[in-house]
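Contents: one structure, followed by commentary.
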Amino acid sequence: MIRPARPDDVPAVLGLIRALARYEKLEHEVVGTDADLREGLFGARPRVEALVVDDAGSLVGFALYLHNYSTFLCRPGLYLEDLFVVPEHRGKGYGVALLKELARIAKGRGCGRLEWAVLEWNEPAKGFYRSLGAIEKSDWRIMRVTGEALERLANG
């Protein structure tokens, strides 16, 4: 069952985030806590939303998303920050179901697009996304300022 995340799902969702990070070989970058995620999802000013895959009371997948905005379309978009289904539960249609629900949400909110990033080496994910009609925007690269560089930029 695909459903919106609830506050009591936060520890399980953070566990899924850690599992995703392990898969991506980026576990060392996960520094957020249950409290951080709870604030982001359910705080006074929520920043993100999440869908979860509830398989008989166990959360086995999630999609975390937020709105962005296209200046070219002059419409909001939906940005998928993370999509993950634990390996033992892949092949059951959960990933497709999550993306279909996100597309329905985007359409219902008047969004002009649904987009996300994928790691260059993750050919299985890229193939899965292409099978759903996604196109790779190979002419764009993500730029990021974080940590000390963010501090320097903000203070200088």
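Letters A, B, ... mark the chains of the structure tokens in the order given; residue numbers begin at 1 per chain; ligand numbers begin at 1, in order shown.
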Sorted by chain and rising residue number, which residues of segment 16-100 of chain A lie within 7 Å of segment 106-112 of chain A, and what are their closest atom pairs and distances in Å to one decimal, counting only C-alpha atoms, as a tab-separated table?
```
residue	atom	partner	partner_atom	distance
A:Leu73	CA	A:Gly112	CA	6.8
A:Arg75	CA	A:Gly112	CA	5.8
A:Pro76	CA	A:Cys111	CA	4.9
A:Gly77	CA	A:Cys111	CA	4.6
A:Leu78	CA	A:Ala106	CA	6.0
```
Keeping only N, CA and C atoms, write the selected residues as a CSV table (one decimal), in the first residue's frame.
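As written to disk, result_38.csv reads:
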```csv
chain,number,residue,atom,x,y,z
A,73,LEU,N,8.4,27.5,-17.6
A,73,LEU,CA,7.0,27.1,-17.6
A,73,LEU,C,6.1,28.1,-16.8
A,75,ARG,N,5.4,27.6,-13.8
A,75,ARG,CA,4.6,26.7,-13.0
A,75,ARG,C,5.4,25.9,-12.0
A,76,PRO,N,4.8,25.5,-11.0
A,76,PRO,CA,5.6,24.6,-10.0
A,76,PRO,C,5.9,23.3,-10.6
A,77,GLY,N,6.9,22.7,-10.0
A,77,GLY,CA,7.2,21.3,-10.4
A,77,GLY,C,7.3,20.5,-9.1
A,78,LEU,N,7.4,19.2,-9.3
A,78,LEU,CA,7.7,18.3,-8.2
A,78,LEU,C,9.0,17.7,-8.3
```
Item to check | Filtered DSSP result for chain A, state alpha helix (DSSP H), as a ChimeraX atom specification | outcome: /A:10-23,34-42,94-108,123-131,147-155
Item to check | Nearest to Ala117 of chain A by atom-to-atom distance, counting only C-alpha atoms, from A:Glu81, A:Asp139, A:Asp34, A:Glu101 | outcome: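 Looking at the shortest contact to Ala117 of chain A, the residue is A:Glu81.
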Could you produce a table of the residues of segment 21-112 of chain A lying within 12 Å of segment 125-129 of chain A, with the nearest pair of atoms per residue and their separation in Å rounded to one decimal, using only C-alpha atoms, ordered by chain and increasing residue number, as a tab-separated table?
```
residue	atom	partner	partner_atom	distance
A:Tyr23	CA	A:Ala125	CA	11.8
A:Glu24	CA	A:Ala125	CA	11.3
A:Asp82	CA	A:Ala125	CA	11.9
A:Leu83	CA	A:Ala125	CA	10.0
A:Phe84	CA	A:Ala125	CA	10.1
A:Val85	CA	A:Ala125	CA	11.3
A:Arg90	CA	A:Phe128	CA	11.6
A:Gly91	CA	A:Phe128	CA	11.0
A:Gly93	CA	A:Phe128	CA	11.2
A:Gly95	CA	A:Phe128	CA	9.1
A:Val96	CA	A:Phe128	CA	8.9
A:Leu99	CA	A:Tyr129	CA	9.4
A:Lys100	CA	A:Tyr129	CA	11.7
```
Checklist entry - Where does DSSP see strand (DSSP E) in chain A, if you list the residues as a PyMOL selection string? => result chain A and resi 2-4+49-55+58-70+75-85+114-116
Export, as an mmCIF file, in the first residue's frame, the selected residues with N, CA and C atoms.
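Writing done, so here's part.cif:
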```cif
data_model
loop_
_atom_site.group_PDB
_atom_site.id
_atom_site.type_symbol
_atom_site.label_atom_id
_atom_site.label_comp_id
_atom_site.auth_asym_id
_atom_site.auth_seq_id
_atom_site.Cartn_x
_atom_site.Cartn_y
_atom_site.Cartn_z
ATOM 1 N N ILE A 2 0.608 2.162 -0.901
ATOM 2 C CA ILE A 2 1.299 3.446 -0.945
ATOM 3 C C ILE A 2 0.450 4.440 -0.169
ATOM 4 N N ARG A 3 1.089 5.150 0.770
ATOM 5 C CA ARG A 3 0.349 6.130 1.564
ATOM 6 C C ARG A 3 1.300 7.249 1.979
ATOM 7 N N PRO A 4 0.754 8.401 2.367
ATOM 8 C CA PRO A 4 1.605 9.462 2.901
ATOM 9 C C PRO A 4 2.250 9.014 4.212
ATOM 10 N N GLU A 49 7.729 16.295 1.675
ATOM 11 C CA GLU A 49 6.646 15.340 1.885
ATOM 12 C C GLU A 49 7.198 13.957 1.568
ATOM 13 N N ALA A 50 6.531 12.939 2.044
ATOM 14 C CA ALA A 50 6.992 11.583 1.770
ATOM 15 C C ALA A 50 5.805 10.650 1.577
ATOM 16 N N LEU A 51 5.997 9.726 0.663
ATOM 17 C CA LEU A 51 5.118 8.584 0.495
ATOM 18 C C LEU A 51 5.887 7.368 0.985
ATOM 19 N N VAL A 52 5.184 6.408 1.540
ATOM 20 C CA VAL A 52 5.838 5.176 1.984
ATOM 21 C C VAL A 52 5.122 3.977 1.385
ATOM 22 N N VAL A 53 5.871 2.888 1.265
ATOM 23 C CA VAL A 53 5.319 1.605 0.864
ATOM 24 C C VAL A 53 5.156 0.797 2.137
ATOM 25 N N ASP A 54 3.916 0.544 2.499
ATOM 26 C CA ASP A 54 3.585 -0.218 3.701
ATOM 27 C C ASP A 54 3.184 -1.621 3.260
ATOM 28 N N ASP A 55 4.058 -2.582 3.517
ATOM 29 C CA ASP A 55 3.811 -3.973 3.146
ATOM 30 C C ASP A 55 3.509 -4.754 4.420
ATOM 31 N N SER A 58 5.038 -3.216 7.538
ATOM 32 C CA SER A 58 6.476 -2.951 7.477
ATOM 33 C C SER A 58 6.749 -1.982 6.334
ATOM 34 N N LEU A 59 7.496 -0.906 6.611
ATOM 35 C CA LEU A 59 7.823 0.046 5.558
ATOM 36 C C LEU A 59 9.011 -0.484 4.765
ATOM 37 N N VAL A 60 8.803 -0.677 3.460
ATOM 38 C CA VAL A 60 9.826 -1.282 2.609
ATOM 39 C C VAL A 60 10.259 -0.361 1.472
ATOM 40 N N GLY A 61 9.747 0.842 1.439
ATOM 41 C CA GLY A 61 10.132 1.798 0.412
ATOM 42 C C GLY A 61 9.584 3.171 0.729
ATOM 43 N N PHE A 62 10.147 4.153 0.051
ATOM 44 C CA PHE A 62 9.676 5.522 0.260
ATOM 45 C C PHE A 62 10.043 6.396 -0.928
ATOM 46 N N ALA A 63 9.349 7.517 -1.025
ATOM 47 C CA ALA A 63 9.675 8.590 -1.959
ATOM 48 C C ALA A 63 9.574 9.885 -1.167
ATOM 49 N N LEU A 64 10.618 10.677 -1.172
ATOM 50 C CA LEU A 64 10.639 11.962 -0.484
ATOM 51 C C LEU A 64 10.692 13.041 -1.556
ATOM 52 N N TYR A 65 9.797 14.018 -1.498
ATOM 53 C CA TYR A 65 9.665 14.995 -2.577
ATOM 54 C C TYR A 65 9.321 16.376 -2.052
ATOM 55 N N LEU A 66 9.497 17.375 -2.904
ATOM 56 C CA LEU A 66 9.214 18.764 -2.569
ATOM 57 C C LEU A 66 8.888 19.525 -3.843
ATOM 58 N N HIS A 67 8.375 20.716 -3.678
ATOM 59 C CA HIS A 67 8.091 21.548 -4.845
ATOM 60 C C HIS A 67 9.322 22.350 -5.236
ATOM 61 N N ASN A 68 9.477 22.531 -6.531
ATOM 62 C CA ASN A 68 10.412 23.498 -7.084
ATOM 63 C C ASN A 68 9.608 24.372 -8.043
ATOM 64 N N TYR A 69 10.278 25.158 -8.842
ATOM 65 C CA TYR A 69 9.545 26.058 -9.735
ATOM 66 C C TYR A 69 10.305 26.196 -11.042
ATOM 67 N N SER A 70 9.582 26.114 -12.141
ATOM 68 C CA SER A 70 10.177 26.304 -13.462
ATOM 69 C C SER A 70 9.898 27.719 -13.937
ATOM 70 N N ARG A 75 5.433 27.613 -13.772
ATOM 71 C CA ARG A 75 4.587 26.688 -13.026
ATOM 72 C C ARG A 75 5.444 25.941 -12.018
ATOM 73 N N PRO A 76 4.812 25.466 -10.960
ATOM 74 C CA PRO A 76 5.568 24.644 -10.011
ATOM 75 C C PRO A 76 5.904 23.295 -10.630
ATOM 76 N N GLY A 77 6.884 22.655 -10.041
ATOM 77 C CA GLY A 77 7.242 21.294 -10.402
ATOM 78 C C GLY A 77 7.337 20.475 -9.130
ATOM 79 N N LEU A 78 7.432 19.189 -9.291
ATOM 80 C CA LEU A 78 7.655 18.297 -8.157
ATOM 81 C C LEU A 78 9.043 17.702 -8.334
ATOM 82 N N TYR A 79 9.864 17.829 -7.311
ATOM 83 C CA TYR A 79 11.215 17.289 -7.348
ATOM 84 C C TYR A 79 11.282 16.088 -6.414
ATOM 85 N N LEU A 80 11.647 14.970 -6.964
ATOM 86 C CA LEU A 80 11.811 13.736 -6.205
ATOM 87 C C LEU A 80 13.233 13.701 -5.665
ATOM 88 N N GLU A 81 13.373 13.870 -4.372
ATOM 89 C CA GLU A 81 14.694 13.872 -3.746
ATOM 90 C C GLU A 81 15.245 12.459 -3.631
ATOM 91 N N ASP A 82 14.409 11.531 -3.193
ATOM 92 C CA ASP A 82 14.848 10.143 -3.035
ATOM 93 C C ASP A 82 13.701 9.191 -3.311
ATOM 94 N N LEU A 83 14.037 8.091 -3.953
ATOM 95 C CA LEU A 83 13.119 6.979 -4.169
ATOM 96 C C LEU A 83 13.910 5.719 -3.858
ATOM 97 N N PHE A 84 13.344 4.854 -3.020
ATOM 98 C CA PHE A 84 14.068 3.643 -2.642
ATOM 99 C C PHE A 84 13.090 2.558 -2.227
ATOM 100 N N VAL A 85 13.349 1.360 -2.700
ATOM 101 C CA VAL A 85 12.645 0.158 -2.263
ATOM 102 C C VAL A 85 13.726 -0.830 -1.850
ATOM 103 N N LEU A 114 7.796 16.598 -13.319
ATOM 104 C CA LEU A 114 8.295 15.782 -12.217
ATOM 105 C C LEU A 114 9.726 15.440 -12.600
ATOM 106 N N GLU A 115 10.664 15.749 -11.714
ATOM 107 C CA GLU A 115 12.060 15.486 -12.060
ATOM 108 C C GLU A 115 12.852 15.043 -10.851
ATOM 109 N N TRP A 116 14.030 14.454 -11.127
ATOM 110 C CA TRP A 116 14.900 13.934 -10.082
ATOM 111 C C TRP A 116 16.290 13.756 -10.664
#
```
Next on the checklist: If I take atom CA of Glu123 of chain A and atom CA of Leu20 of chain A, how far is one from the other in Å, to one decimal?
Outcome noted: 15.5 Å
Checklist entry - Which residues come within 12 Å of Glu29 of chain A, counting only C-alpha atoms, excluding same-chain residues fewer than 4 positions away, as a count of residues only? => result 9
Checklist entry - How far is it from atom CA of Arg144 of chain A to atom CA of Phe72 of chain A, in Å with one decimal? => result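 These two atoms are separated by 21.8 Å.
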Checklist entry - Mind pulling up the distance from atom CA of Val118 of chain A to atom CA of Ser138 of chain A? => result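 Answer for the atom CA of Ser138 of chain A to atom CA of Val118 of chain A separation: 11.0 Å.
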Item to check | Best match for closeness to Arg6 of chain A among A:Leu132, A:Leu37, A:Glu27, A:Arg45, counting only C-alpha atoms | outcome: A:Leu37
Item to check | Contact residues around Gly32 of chain A with only C-alpha atoms at 12 Å, ignoring same-chain residues under 4 positions, as a PyMOL selection string | outcome: chain A and resi 10-11+13-15+17-18+27-28+36-40
